[in-house]
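Before any comments, here is the structure.
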Amino acid sequence: LAALSEHNIKPIHSTKILHHFLTSCESVEVGDEIEGIPKRIIPILREKFSLLTSKVAKEIRSNDGTIKLLIELQDGMKVESVIISHSKNVRNPRNTLCVSSQIGCQMGCTFCATGAMGMKGNLLAGEILEQLVHATKIAPIRNVVFMGMGEPLNNYEAVMSAIKCMRNPKLFGISPKHITLSTVGVVPMIYKIIEDAPETQLAISLHAPNQKLRNEIVPSASAYPLDKIMKASDAYVDYKTAQKNASEEEFDFGGLISGVQTKSNRRKVLIEYVMLSGLNDTVECGHELGNL
């Protein structure tokens, strides 16, 4: 938006341009005519802007309808996104997009291929959004889950910016209740989510029912003790959210909802648990997990 304003393009036109290029399922090019945009703007768009900074390097389709996208970024690094189909009903498709937030990951979970890569870098908000752009050209997306490469809460600002755009009714218009953030348990950032994006869904990548076992499976667990993760999760569940009708929001690249009316909104936290044979799949582990 700042770059567009430098060329004296009014905010109302910037909104239309962004909406057109980010949400169009057809193959579009920078400079295509956009309804309601003055023709003088077209040469500026062609000269100064690129439609996308990434491309789909490889597409793999599974028999169950799952589609994996290998996306190459402008620096040559690659991340993965996955489109998961939940319904074969053409009239009411329910597709979930799993997006990456980082290249690699520093959390080092022993069962995770991304963790074995180590940390290569953070994605920009635009690079996260471009995964959604690429996916919508293949299938309509109803849900977004941050369960791909990386720990989303270690790239907090970019992830929050991407979520703002995803939920903005003038861009992608995805309900915040259909956006899920998965975290290994970065406790300080969980509290920030409660304040910054209270309607976004939360998932905890747990994988063990006690601290000792979790330290073995999730090396970062020592920094975020299980009791503190559970306390933060309880705070998320019990938080009273403030809501505002989406039609009343001003376009500010998705801006956070500011409350005009509060209401009690007890939510659920999704617990993710990978079963590792002989390690965390015992009957005892099951009882401990149930008692958490």
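Numbering starts fresh at 1 for the residues of each chain in the structure tokens, the chains themselves are lettered A, B, ... in the order given, and ligands are numbered from 1 as they appear.
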
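Using only C-alpha atoms, the contacts of region 231-233 of chain A at a cut-off of 10 Å, with sequence neighbours closer than 4 positions omitted, comprise Gly185, Val186, Val187, Pro188, Met189, Ile190, Tyr191, Ile194, Leu202, Ala203, Ile204, Leu226, Asp227, Val237, Asp238, Arg267, Lys268, Val269 and Leu270 of chain A.
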
Point to revise | Non-local contacts of Thr114 (chain A) (10 Å; only C-alpha atoms; under 2 positions in same chain excluded) as a ChimeraX atom specification | key: /A:79,102-112,116-119,148-150

Only all heavy atoms, please: the residues just picked out, written as a short mmCIF file (atom, residue, chain, number, x, y, z; two decimals), in the first residue's frame.
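Generated output (selection.cif):
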```cif
data_model
loop_
_atom_site.label_atom_id
_atom_site.label_comp_id
_atom_site.auth_asym_id
_atom_site.auth_seq_id
_atom_site.Cartn_x
_atom_site.Cartn_y
_atom_site.Cartn_z
N VAL A 79 9.48 -23.90 -0.04
CA VAL A 79 8.61 -24.28 1.06
C VAL A 79 7.45 -25.10 0.51
O VAL A 79 7.20 -25.12 -0.70
CB VAL A 79 8.05 -23.04 1.81
CG1 VAL A 79 9.17 -22.28 2.49
CG2 VAL A 79 7.27 -22.14 0.88
N GLN A 102 7.93 -20.53 7.92
CA GLN A 102 9.38 -20.38 7.93
C GLN A 102 10.01 -21.36 6.95
O GLN A 102 9.37 -22.33 6.52
CB GLN A 102 9.95 -20.65 9.34
CG GLN A 102 9.51 -19.67 10.41
CD GLN A 102 10.08 -20.03 11.77
OE1 GLN A 102 9.98 -21.15 12.23
NE2 GLN A 102 10.71 -19.05 12.42
N ILE A 103 11.27 -21.09 6.62
CA ILE A 103 12.06 -22.05 5.85
C ILE A 103 12.89 -22.81 6.87
O ILE A 103 13.81 -22.27 7.47
CB ILE A 103 12.98 -21.35 4.84
CG1 ILE A 103 12.18 -20.39 3.97
CG2 ILE A 103 13.71 -22.37 3.96
CD1 ILE A 103 13.03 -19.39 3.21
N GLY A 104 12.53 -24.07 7.10
CA GLY A 104 13.14 -24.82 8.18
C GLY A 104 12.50 -24.45 9.50
O GLY A 104 11.47 -23.78 9.56
N CYS A 105 13.12 -24.89 10.62
CA CYS A 105 12.57 -24.63 11.94
C CYS A 105 13.65 -24.85 12.99
O CYS A 105 14.46 -25.77 12.87
CB CYS A 105 11.38 -25.55 12.21
SG CYS A 105 10.56 -25.27 13.79
N GLN A 106 13.65 -24.02 14.01
CA GLN A 106 14.66 -24.13 15.05
C GLN A 106 14.22 -24.96 16.24
O GLN A 106 15.00 -25.20 17.17
CB GLN A 106 15.06 -22.74 15.54
CG GLN A 106 13.98 -22.02 16.33
CD GLN A 106 14.37 -20.60 16.70
OE1 GLN A 106 14.83 -19.83 15.85
NE2 GLN A 106 14.19 -20.25 17.96
N MET A 107 12.96 -25.43 16.24
CA MET A 107 12.45 -26.14 17.40
C MET A 107 13.01 -27.56 17.52
O MET A 107 13.05 -28.12 18.61
CB MET A 107 10.91 -26.17 17.37
CG MET A 107 10.28 -24.79 17.19
SD MET A 107 10.95 -23.51 18.29
CE MET A 107 10.03 -23.82 19.77
N GLY A 108 13.42 -28.17 16.41
CA GLY A 108 14.14 -29.43 16.43
C GLY A 108 13.37 -30.65 16.89
O GLY A 108 13.98 -31.59 17.43
N CYS A 109 12.06 -30.71 16.68
CA CYS A 109 11.28 -31.89 17.06
C CYS A 109 11.87 -33.13 16.39
O CYS A 109 12.13 -33.13 15.18
CB CYS A 109 9.82 -31.71 16.67
SG CYS A 109 9.01 -30.32 17.49
N THR A 110 12.09 -34.19 17.16
CA THR A 110 12.86 -35.34 16.69
C THR A 110 12.18 -36.11 15.57
O THR A 110 12.85 -36.81 14.81
CB THR A 110 13.15 -36.29 17.86
OG1 THR A 110 11.90 -36.67 18.48
CG2 THR A 110 14.03 -35.61 18.89
N PHE A 111 10.86 -36.02 15.47
CA PHE A 111 10.11 -36.77 14.46
C PHE A 111 9.85 -35.96 13.20
O PHE A 111 9.25 -36.46 12.25
CB PHE A 111 8.76 -37.22 15.04
CG PHE A 111 7.92 -36.08 15.53
CD1 PHE A 111 7.09 -35.39 14.67
CD2 PHE A 111 7.98 -35.69 16.85
CE1 PHE A 111 6.33 -34.33 15.11
CE2 PHE A 111 7.22 -34.62 17.32
CZ PHE A 111 6.39 -33.94 16.45
N CYS A 112 10.27 -34.70 13.17
CA CYS A 112 9.88 -33.76 12.12
C CYS A 112 11.00 -33.54 11.11
O CYS A 112 12.12 -33.17 11.48
CB CYS A 112 9.47 -32.43 12.76
SG CYS A 112 8.99 -31.17 11.56
N ALA A 116 14.73 -31.20 11.20
CA ALA A 116 16.07 -31.69 10.86
C ALA A 116 16.82 -30.73 9.95
O ALA A 116 18.05 -30.76 9.87
CB ALA A 116 15.97 -33.07 10.21
N MET A 117 16.08 -29.85 9.26
CA MET A 117 16.69 -28.87 8.36
C MET A 117 17.44 -27.78 9.12
O MET A 117 18.36 -27.16 8.60
CB MET A 117 15.62 -28.18 7.49
CG MET A 117 14.98 -29.05 6.44
SD MET A 117 13.63 -28.15 5.62
CE MET A 117 14.50 -26.70 4.99
N GLY A 118 16.99 -27.53 10.36
CA GLY A 118 17.48 -26.36 11.06
C GLY A 118 16.74 -25.13 10.55
O GLY A 118 15.87 -25.20 9.69
N MET A 119 17.10 -23.99 11.08
CA MET A 119 16.43 -22.74 10.72
C MET A 119 17.15 -22.06 9.56
O MET A 119 18.34 -21.74 9.64
CB MET A 119 16.41 -21.82 11.94
CG MET A 119 15.75 -20.49 11.69
SD MET A 119 14.02 -20.68 11.24
CE MET A 119 13.55 -18.96 11.04
N GLY A 148 2.39 -26.05 8.45
CA GLY A 148 3.43 -26.45 7.51
C GLY A 148 4.81 -26.26 8.12
O GLY A 148 5.01 -26.41 9.32
N MET A 149 5.76 -25.88 7.31
CA MET A 149 7.14 -25.71 7.77
C MET A 149 7.25 -24.53 8.73
O MET A 149 6.70 -23.45 8.47
CB MET A 149 8.06 -25.51 6.57
CG MET A 149 8.11 -26.70 5.62
SD MET A 149 8.95 -26.33 4.05
CE MET A 149 10.62 -25.97 4.64
N GLY A 150 7.98 -24.73 9.83
CA GLY A 150 8.27 -23.63 10.73
C GLY A 150 7.36 -23.55 11.95
O GLY A 150 6.30 -24.18 12.01
#
```

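Within region 131-182 of chain A, the backbone-based DSSP assignment of strand (DSSP E or B) covers Asn143, Val144, Val145, Phe146, Ile179, Thr180, Leu181 and Ser182 of chain A.
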
Practice item. Can you work out the spacing between CA of Ala113 (chain A) and CA of Lys55 (chain A) in Å, to one decimal? Key: 22.6 Å

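Neighbours of Asp64 (chain A) closer than or equal to 10 Å, with only C-alpha atoms counted and sequence neighbours fewer than 3 positions away skipped, come out as Arg61, Ile67, Ile84, Ser85 and His86 of chain A.
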
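When only C-alpha atoms are used to compute distances to Met147 (chain A), the closest of the residues A:Thr282, A:Asn95, A:Ser220, A:Ser81 turns out to be A:Ser81.
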
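Comparing A:His19, A:Arg40, A:Arg214, A:Lys68 by their smallest distance to Gly173 (chain A), the closest is A:His19 (using only C-alpha atoms).
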
Check your understanding: Neighbours of Asn280 (chain A) within 12 Å (only C-alpha atoms; same-chain residues fewer than 3 positions away dropped), as a PyMOL selection string?
Key -> chain A and resi 206-210+212-214+216-217+273-277+283-289

Revision key, fill the gap. Counting only C-alpha atoms, the residue among A:Asn168, A:Asn8, A:Asn155, A:Asn215 that lies closest to Gly121 (chain A) is A:Asn155

Practice item. Can you work out the spacing between CA of Thr66 (chain A) and CA of Glu272 (chain A) in Å, to one decimal? Key: 19.9 Å

Exercise for review: Using only C-alpha atoms, determine which residues lie at most 8 Å from Thr15 (chain A), disregarding the query and same-chain residues fewer than 3 positions distant; provide the list as JSON, numbers by chain.
Suggested key: {"A": [11, 12, 18, 19, 170, 251]}

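Of the residues listed (A:Glu195, A:Glu157, A:Ser87, A:Ile179), A:Ile179 shows the shortest atom-to-atom separation from Asn143 (chain A); distances use only C-alpha atoms.
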
Check your understanding: What's the 7 Å shell around Val159 (chain A), counting only C-alpha atoms, without same-chain residues fewer than 6 positions away, as number ranges by chain?
Key -> A: 101, 125, 152

Write a file of the just-selected residues containing N, CA and C atoms, as a CSV table (one decimal), in the first residue's frame.
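Generated file (again35.csv):
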```
chain,number,residue,atom,x,y,z
A,101,SER,N,5.3,-21.1,7.5
A,101,SER,CA,5.6,-19.8,8.0
A,101,SER,C,7.1,-19.5,8.0
A,125,ALA,N,5.3,-11.8,5.2
A,125,ALA,CA,3.8,-11.9,5.1
A,125,ALA,C,3.4,-12.2,3.7
A,152,PRO,N,5.1,-21.0,13.7
A,152,PRO,CA,4.5,-19.7,13.3
A,152,PRO,C,4.7,-18.6,14.4
```
